[in-house]
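Q: The structure under discussion is supplied below as structure tokens; questions concerning it will follow.
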Amino acid sequence: MISAAGITKRAIQSHYDVATPFYRLLWGPHIHHGLWDDAASTLAPHDAQLRLTETLADLGRLRAGDRVLDVGCGMGGSAILLAKARGCRVTGITLSGLQRRWARTAAWWQGVAAATEFRRADAETEVFAPGSFDVVWSIECTEHLADKRRFFERAAAWLRPGGRVAICAWLAAEDAAATEAKRRQVERVCEAFLCPSLGSFSDYSSWMEQAGLVVDETRDWTSRVARTWELCESRVRSWGIDRLAPWIDPAQALFVDHFSTLLGAYRSGAMQYGCFVAQRPPA
Ligand SMILES: C[S@@+](CC[C@H](N)C(=O)[O-])C[C@H]1O[C@@H](n2cnc3c(N)ncnc32)[C@H](O)[C@@H]1O
């Protein structure tokens, strides 16, 4: 695991309160990478994001009636899709009050208000009764958590026996901690994108195993998602978002400037992108 000092919850919350309209403009209702089959794929960015969500839902075996906790639910992109397309009942939590309001409104607009609930809550302190969920789902939120090992212990307790964790996360490569240039690249990503740390594939697997979960699937999607940042970079420049950002929030400007940092970290092999599905053993 590679860590960065001084990243606070308040900074993460205020980033999403300020940046969510930018994300909506750049990425649409899902704040996560797209998944392309290969370099020749012509899938549009929004469709590639849906491909990622649907692939995770298939791997996690999400079914009608599943009670799902979406940790770091953003604008409700996954929660609404899982409610509409799969018949799940979804509770979404986010640090951002703006995102919670956005998600609620979008769910109402799309006719799934009754199947969804959104709370402004911290995944590291929020309390849920043991066994409350069939699936704990999270796309690109665990990067922001301070104590990831403890999070998986708590997530395992929220699951009913036989329930699943389905997660996508930005990762540090296995050799990054021991390689000065790669370690620095990952630290810069952590600082720019407000991640207290990035774990590796083996860190995530061992945190889940220590929590009593059995890891069913790990997928390395690095080469299939990296195109996201090329598209973001070119949209930021061609839509003038780089010129707008410093007027709205200086920290936002730093974030926009660092899309190339992330792309560089994927290209050098300092970072990876992973998908995990794990199960709490049936009683
Ligand atoms: C990159 S966005 C991903 C949003 C969403 N999963 C999606 O795919 O559209 C990260 C999300 O994690 C949330 N988040 C970060 N730290 C959190 C925490 N401690 N508790 C709950 N949510 C958190 C943010 O508020 C934001 O909604």
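Every chain in the structure tokens has a letter given in the order shown (A, B, ...), and although residue numbers restart at 1 in each chain, ligands are simply numbered from 1 in the order shown.
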Phe276 (chain A): which residues within 10 Å, counting only C-alpha atoms, same-chain residues fewer than 4 positions away excluded, as a PyMOL selection string?

A: chain A and resi 56+59-60+165-169+201+204-205+208+215-220

Q: Residues contacting ligand 1 - anything with an atom at most 6 Å away, using only C-alpha atoms and all ligand atoms - can you give me those as a VMD selection string?

A: chain A and resid 16 30 to 32 71 to 74 77 93 to 96 121 to 124 138 to 141 144 to 145

Q: Can I get the selected residues back with C-alpha atoms, as a tab-separated table (two decimals), in the first residue's frame?

A:
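Below is the file again.tsv, written as the result:
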chain	number	residue	atom	x	y	z
A	16	TYR	CA	-17.35	16.26	-4.35
A	30	HIS	CA	-21.48	7.78	-13.50
A	31	ILE	CA	-18.24	9.02	-11.93
A	32	HIS	CA	-16.02	6.14	-12.92
A	71	VAL	CA	-20.69	2.67	-0.86
A	72	GLY	CA	-19.71	6.04	-2.36
A	73	CYS	CA	-22.79	6.28	-4.55
A	74	GLY	CA	-21.94	9.56	-6.30
A	77	GLY	CA	-25.57	6.19	-11.34
A	93	ILE	CA	-24.16	6.55	0.84
A	94	THR	CA	-21.94	9.47	-0.07
A	95	LEU	CA	-19.99	12.10	1.86
A	96	SER	CA	-21.44	14.85	-0.33
A	121	ALA	CA	-22.92	9.30	5.52
A	122	ASP	CA	-19.33	8.23	6.08
A	123	ALA	CA	-18.75	4.58	5.19
A	124	GLU	CA	-16.10	4.41	7.90
A	138	SER	CA	-18.56	0.06	-4.47
A	139	ILE	CA	-17.11	1.62	-7.60
A	140	GLU	CA	-14.06	3.84	-7.08
A	141	CYS	CA	-14.74	4.87	-3.47
A	144	HIS	CA	-10.82	7.54	-0.39
A	145	LEU	CA	-11.09	5.44	2.79

Q: Residues of region 70-283 of chain A in strand (DSSP E) according to DSSP, as an MDAnalysis selection string?

A: chainID A and resid 70:71 89:94 116:120 133:139 159:172 197:198 214:220 271:279

Q: Report the residues of region 27-247 of chain A whose backbone DSSP state falls under alpha helix (DSSP H), written as a PyMOL selection string.

A: chain A and resi 27+45-59+77-86+97-109+148-158+180-192+201-210+222-225+227-238+241-247

Q: Could you give me, as a VMD selection string, the residues within 10 Å of Ser3 (chain A), counting only C-alpha atoms and dropping anything in the same chain fewer than 5 positions from it?

A: chain A and resid 146 172 177 183 186 to 187 190 to 191 195 to 199

Q: As an exercise, work out the distance from CA of Glu209 (chain A) to CA of Leu194 (chain A) in Å and give it to one decimal place.

A: 26.3 Å

Q: Of the residues A:Ser41, A:Glu117, A:Ala4, A:Leu25, which is the one nearest to Val236 (chain A), using only C-alpha atoms?

A: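 Looking only at the distances to Val236 (chain A), the closest residue turns out to be A:Leu25.
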
Q: Between A:Lys9, A:Gly76, A:Cys88, A:Ala39, which is the closest to Arg24 (chain A) once you count only C-alpha atoms?

A: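 Smallest separation from Arg24 (chain A) among the options: A:Gly76.
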
Q: In Å, with one decimal, what is the gap from CA of Ala226 (chain A) to CA of Ser238 (chain A)?

A: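 Interatomic distance, CA of Ala226 (chain A) to CA of Ser238 (chain A): 19.4 Å.
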
Q: Considering only C-alpha atoms, return as an MDAnalysis selection string whatever protein or nucleic-acid residues lie within 12 Å of region 158-162 of chain A, sequence-local ones (same chain, fewer than 5 positions apart) excluded.

A: chainID A and resid 60:61 66:69 71 123 126:137 151:153 211:214 278:283

Q: Please provide the set of residues having any atom within 10 Å of Thr105 (chain A), restricted to only C-alpha atoms, with same-chain residues fewer than 6 positions apart removed, written as a list of chain:residue names.

A: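 Returned residues: A:Met75, A:Gly76, A:Gln99, A:Gly111, A:Ala113.
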
Q: Convert the current residue selection to file output with N, CA and C atoms, as a tab-separated table (two decimals), in the first residue's frame.

A:
chain	number	residue	atom	x	y	z
A	75	MET	N	-23.61	10.34	-7.86
A	75	MET	CA	-24.92	10.89	-8.26
A	75	MET	C	-25.97	9.80	-8.41
A	76	GLY	N	-25.68	8.61	-7.91
A	76	GLY	CA	-26.68	7.53	-7.94
A	76	GLY	C	-26.66	6.73	-9.23
A	99	GLN	N	-24.37	15.51	-3.76
A	99	GLN	CA	-24.58	14.24	-4.48
A	99	GLN	C	-25.82	13.52	-3.97
A	111	GLY	N	-38.10	7.14	-11.90
A	111	GLY	CA	-39.16	6.23	-11.46
A	111	GLY	C	-38.72	5.14	-10.51
A	113	ALA	N	-37.68	5.90	-7.15
A	113	ALA	CA	-37.53	6.49	-5.82
A	113	ALA	C	-37.87	5.47	-4.73

Q: Counting only C-alpha atoms, which residue out of A:Arg120, A:Lys182, A:Arg51, A:Arg104 sits closest to Gln13 (chain A)?

A: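 Smallest distance to Gln13 (chain A) is found for A:Arg120.
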